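A.B. asks: Can you keep this structure in mind? I'll have questions shortly.
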Amino acid sequence: MMPPFVLVDGSYFLFRAYHAIPPLTTSTGLHTNAIRGAIAAIQKLMRRIEPTHMAVIFDTPEPTFRHQLSPIYKGDRPAMPDDLSEQIPYLHALIRALGIPLYSLAGAEADDVIGTLTKHAEKEGHNVLISTGDKDMAQLVNERVKLEDSFKERVLDVDGVFEKFGVWPHQIIDYLTLMGDASDGILGVPGVGAKTAAKLLNEYECLGRILENVDNIKGRVGKNLKEHVETIAIDHQLASIVCDLDLSLEWNDLELQNPNTNELRKLYTELEFRNQLQSLDHPNNPNSKTYKQNTQAIVKQDAVTTQNDIDQATATSQDDQLGQSTYHTVLTQDDWNPLLTRMQNAEKFAIDTETTHLDYRFAEMVGFSIAFDSKDAYYVPFVHDYENAPMQLDRDRILQEIKPIIENPNIKKIGHHLKYDAHIFSNHGIHLQGWYFDTMLASYVFNSTATRHGMDDVARLYLSHLNTTFEQIAGKGAKQKTFNQIELSIAGHYAAEDAHVTWRLYEVLNEKLKDSPELLNILHNVEMPVASILTQMEEVGIQLDPDFLSKLSGEFSITMQSLEEKAIEIAGESFNISSPKQVGEVIFDKLGVKGGKKTASGQYSTSESVLEKLEHPIAEIILEHRGLAKLKSTYTDRLVEQANKDTMRVHTSYHQANTATGRLSSSDPNLQNIPIRGEIGRQIRKAFIAPQGKVILAADYSQIELRLMAHFSQDEALIDAFNNGQDIHQRTAAEVLGIALDEVTSDQRRQAKAVNFGLLYGMSEFGLTRQLGFTREESRAYIKQYFHRYPGIYEYMQSTRQVALEQGFVETVLGRRLYTPDINARNVMVRKGAERAAINAPLQGSAADIIKLAMIEVDKNIPKEQATLLLQVHDELVFEADPAYVDQLIPQIKEVMSSVLKLSVPLDVEVGLGNNWDEAH
């Protein structure tokens, strides 16, 4: 079970510690009691929960929208004492130095930042633990979100909220509105306390129904409810946590980082935290002088770890957690010879490489580890070069000896993230064959959402084993060692453990997958072949035109400057066009444009959706400026930096185990997000070029998710349209509007297209209304008629919801299981979101399966000297092709891709050619 995403109410921790701990000062008079208490509480929480992602959130001194709503909001709170305010910068600095993400937003309260991060995390499928003493936060509690007062270690789940307050989490806002909160300046209704508020909500369910039935509420309470309707509305806003702030945070921004030891040393010294300062030199600290001796405790009591034993060739250790097993470090020819023979005669083995760098492009092999069963594991080191390191076997000679084994397709290779190991072997002229079982991919195929799929996480989940981490043996931060610098008494155990754990994971996951032939098929006949193909694609890369990118960056800069000047001219004053705050003030205050709406921070929203609706030339200018700025920073300025300087080819990294649906993702650069809409966005694709004597060929599945909807739903009208090659959006418009195909206008087709694709992603009446400008009645009528004409789609949606509810997962066309953990959530919004995801998941997941099958069949059937596969982006494959063969390649690729799977409708493939990706797309 993955640890929850932890959100700490830093302001609460600060005040709680300040009042709980007696005054403490340094020799210079600096107060430290709040710092000590807050840091201690945060670290205690982290030790107990062991989160991978968290954030500490603080209030800021700026007023918020709530102060504008109510002049008495938090008006009774005393000013912060000087001896507390002086501690805040130090607390912030310590939190950051410890590698803990810290966040605050001017004009927003910590509650609102926490609420927004909570909702984002929920949408991404993460559980959340909010550490706070603020009862307002109870409104955020649901099946995925819990509260904890970490000073009391009391956890509140959904039932706990009811037990404490007498109302459910979704009623907390109404509860606070009715009873008021003197500390926040929420007046409440006179005569309504906690018990009365709970009683009213239990009887009438919500504030709205209480007000609708106010005539039935007798006595002073009923009278006061009637008299305070206006203040009730304001109090309701004051009590509501805002959950849609624009925080511009990515999930990676919330990951715990390695502590900055140098910064900690400086802070601990100034704060006179002597124990903490000494801890930086404690044996358990990776940067300490005594860390090596301490780490050897990882190797069990009967391990042979002396330098003398290493010089004699074999260091062994026992791993009691995974059963009786012996780890060997192989240093002499006498010990290598029998291991080589065993490798040559093995049916299969688990293998793992140790390297100098995580990026395969820059990594050298330091050694490799291997396991043939769960009893023994071996590490063969080559280039450990610390002081007094023992002699090791010659890398070039050993690699030449194992090259025929690694390249033998009949000897099965087991690994965890074999693609990385394949790259490392390739760096040394060895091409891995016999890809058999990748335990990372097996974990992903078995259940993509049960855990992250790194070895440590998978071992923890399926073996109940805690791996030795790299940080434990190498340290952290700037002083972290590379693997070749680590003593063999430690490195040998770590490396052998990797191979041993991989073998054990193979045994466990292979057994689990045997119960599902479909999943076993996906692993062996889809994911494993794709991993091998991705290795080739990553190594080949795609060529960039740096001069074009540089020219484009220059053009963007000139255009952006021109746009800025135009905006200033229209505004009649100078302002920062990149500042949303200033943009909002200029448009809505200075120019008086209608349609302004303030966000929770009290600023006008100037989001893309807002600006697109404004009928004023300055809005269009700002949108164009923003689009260019994003393209420039993300692509035209960045792509050349990411390319190989010698070849000017960019090598993206593909990830098979990141998404819930089976879709591939990529990074460095993320080519899945290369823009395609709009003329300027398309310019980016022009930078991806064919080298001299080649052309770019792009093959794209057309409307694949709609075709899959036809297959899954078996809707007769939808199947008929695709089988007869009709324009599906035109056919939909004709069906819904009851007109002939040739009578459908372009606007009617556009509306039908929005509905066709919108329903795939669970578009509601409200969504249709917003996107097409319909009234709610028009949207309701359109959707009703749509389902009348396509009853199979309606039935598919209903039955898929039911399947997800009953078994907890839905399946792709190949039988890949896509789990829906929130389908039974009590929170209606969460449950509805899970239902929408369940409807879409078989379509997205099946599209992912199909493009992977296409990659496999293309690899088998298209000669590489004629066309080399470079990229896979969504439903598209991009090749570098020999122009002499394109006439035969185009029909061949179409045939291969369209026949990978038999559906109820044809798989249509569109192929284009060009000197660059844009021309071919």
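So you can find residues: chains in the structure tokens are A, B, ... in the order shown, residues in each start at 1, and ligands are numbered from 1 in order.
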Which parts of range 313-480 of chain A does DSSP call alpha helix (DSSP H) when run on the backbone here, written out as number ranges by chain?
C.D. replies: A: 333-345, 395-406, 418-427, 439-446, 455-463, 470-474
A.B. asks: Could you list, as a PDB file with N, CA and C atoms, in the first residue's frame, every residue within 12 Å of Asn252 in chain A, counting only C-alpha atoms and ignoring same-chain residues fewer than 3 positions away?
C.D. replies:
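Below is the file around26.pdb, written as the result:
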ATOM      1  N   THR A  52       6.265   9.662   0.340  1.00  0.00           N
ATOM      2  CA  THR A  52       7.176   9.974  -0.762  1.00  0.00           C
ATOM      3  C   THR A  52       6.925  11.393  -1.258  1.00  0.00           C
ATOM      4  N   HIS A  53       5.695  11.862  -1.076  1.00  0.00           N
ATOM      5  CA  HIS A  53       5.319  13.203  -1.502  1.00  0.00           C
ATOM      6  C   HIS A  53       4.589  13.895  -0.344  1.00  0.00           C
ATOM      7  N   MET A  54       4.914  15.145  -0.112  1.00  0.00           N
ATOM      8  CA  MET A  54       4.228  15.897   0.929  1.00  0.00           C
ATOM      9  C   MET A  54       4.470  17.387   0.702  1.00  0.00           C
ATOM     10  N   ALA A  55       3.791  18.194   1.447  1.00  0.00           N
ATOM     11  CA  ALA A  55       4.022  19.639   1.404  1.00  0.00           C
ATOM     12  C   ALA A  55       3.601  20.236   2.738  1.00  0.00           C
ATOM     13  N   PRO A 101       8.947  19.883   0.517  1.00  0.00           N
ATOM     14  CA  PRO A 101       8.310  20.977  -0.230  1.00  0.00           C
ATOM     15  C   PRO A 101       7.520  21.895   0.701  1.00  0.00           C
ATOM     16  N   ALA A 121      -4.567  15.747  -5.917  1.00  0.00           N
ATOM     17  CA  ALA A 121      -4.037  14.430  -5.567  1.00  0.00           C
ATOM     18  C   ALA A 121      -5.106  13.349  -5.714  1.00  0.00           C
ATOM     19  N   SER A 248       0.042  26.131 -10.243  1.00  0.00           N
ATOM     20  CA  SER A 248       1.157  25.869 -11.160  1.00  0.00           C
ATOM     21  C   SER A 248       2.159  24.901 -10.548  1.00  0.00           C
ATOM     22  N   LEU A 249       1.650  23.863  -9.881  1.00  0.00           N
ATOM     23  CA  LEU A 249       2.507  22.837  -9.278  1.00  0.00           C
ATOM     24  C   LEU A 249       2.332  21.520 -10.012  1.00  0.00           C
ATOM     25  N   GLU A 255       7.521  16.003  -4.367  1.00  0.00           N
ATOM     26  CA  GLU A 255       8.284  14.832  -3.935  1.00  0.00           C
ATOM     27  C   GLU A 255       9.354  15.246  -2.930  1.00  0.00           C
ATOM     28  N   LEU A 256       9.501  14.457  -1.881  1.00  0.00           N
ATOM     29  CA  LEU A 256      10.541  14.734  -0.897  1.00  0.00           C
ATOM     30  C   LEU A 256      11.915  14.646  -1.559  1.00  0.00           C
ATOM     31  N   GLN A 257      12.784  15.597  -1.228  1.00  0.00           N
ATOM     32  CA  GLN A 257      14.117  15.648  -1.806  1.00  0.00           C
ATOM     33  C   GLN A 257      15.168  15.288  -0.762  1.00  0.00           C
TER      34      GLN A 257
END
A.B. asks: Would you kindly return, as a ChimeraX atom specification, each protein, DNA or RNA residue with an atom no farther than 8 Å from any atom of range 185-201 of chain A, considering only C-alpha atoms and excluding same-chain residues fewer than 6 positions away?
C.D. replies: /A:72-76,165-167,171,174-179,207,210,220-221,224-225,228,231-232,235,238-239
A.B. asks: I'd like the interatomic distance between CA of Asp59 in chain A and CA of Phe13 in chain A, to a tenth of an Å.
C.D. replies: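 Taking CA of Asp59 in chain A as the start and CA of Phe13 in chain A as the end point, the length is 11.6 Å.
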A.B. asks: Do you know which residues are at most 8 Å from range 81-89 of chain A counting only C-alpha atoms, after dropping those on the same chain fewer than 5 positions away, and could you put them as a PDB file with N, CA and C atoms, in the first residue's frame?
C.D. replies:
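Here's the written file out-v2.pdb:
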ATOM      1  N   TYR A  18       4.438  26.884  19.391  1.00  0.00           N
ATOM      2  CA  TYR A  18       4.753  28.115  20.124  1.00  0.00           C
ATOM      3  C   TYR A  18       4.077  28.138  21.493  1.00  0.00           C
ATOM      4  N   LEU A  30      17.768  34.940  20.088  1.00  0.00           N
ATOM      5  CA  LEU A  30      16.793  34.500  19.076  1.00  0.00           C
ATOM      6  C   LEU A  30      15.882  33.433  19.672  1.00  0.00           C
ATOM      7  N   HIS A  31      14.559  33.632  19.586  1.00  0.00           N
ATOM      8  CA  HIS A  31      13.612  32.641  20.093  1.00  0.00           C
ATOM      9  C   HIS A  31      13.548  31.434  19.153  1.00  0.00           C
ATOM     10  N   THR A  32      13.447  30.229  19.748  1.00  0.00           N
ATOM     11  CA  THR A  32      13.482  29.010  18.930  1.00  0.00           C
ATOM     12  C   THR A  32      12.435  27.981  19.329  1.00  0.00           C
ATOM     13  N   ALA A  34       9.159  27.671  18.899  1.00  0.00           N
ATOM     14  CA  ALA A  34       8.218  27.270  17.851  1.00  0.00           C
ATOM     15  C   ALA A  34       8.924  26.467  16.757  1.00  0.00           C
ATOM     16  N   ILE A  35      10.156  26.856  16.463  1.00  0.00           N
ATOM     17  CA  ILE A  35      10.925  26.129  15.446  1.00  0.00           C
ATOM     18  C   ILE A  35      11.171  24.699  15.898  1.00  0.00           C
TER      19      ILE A  35
END
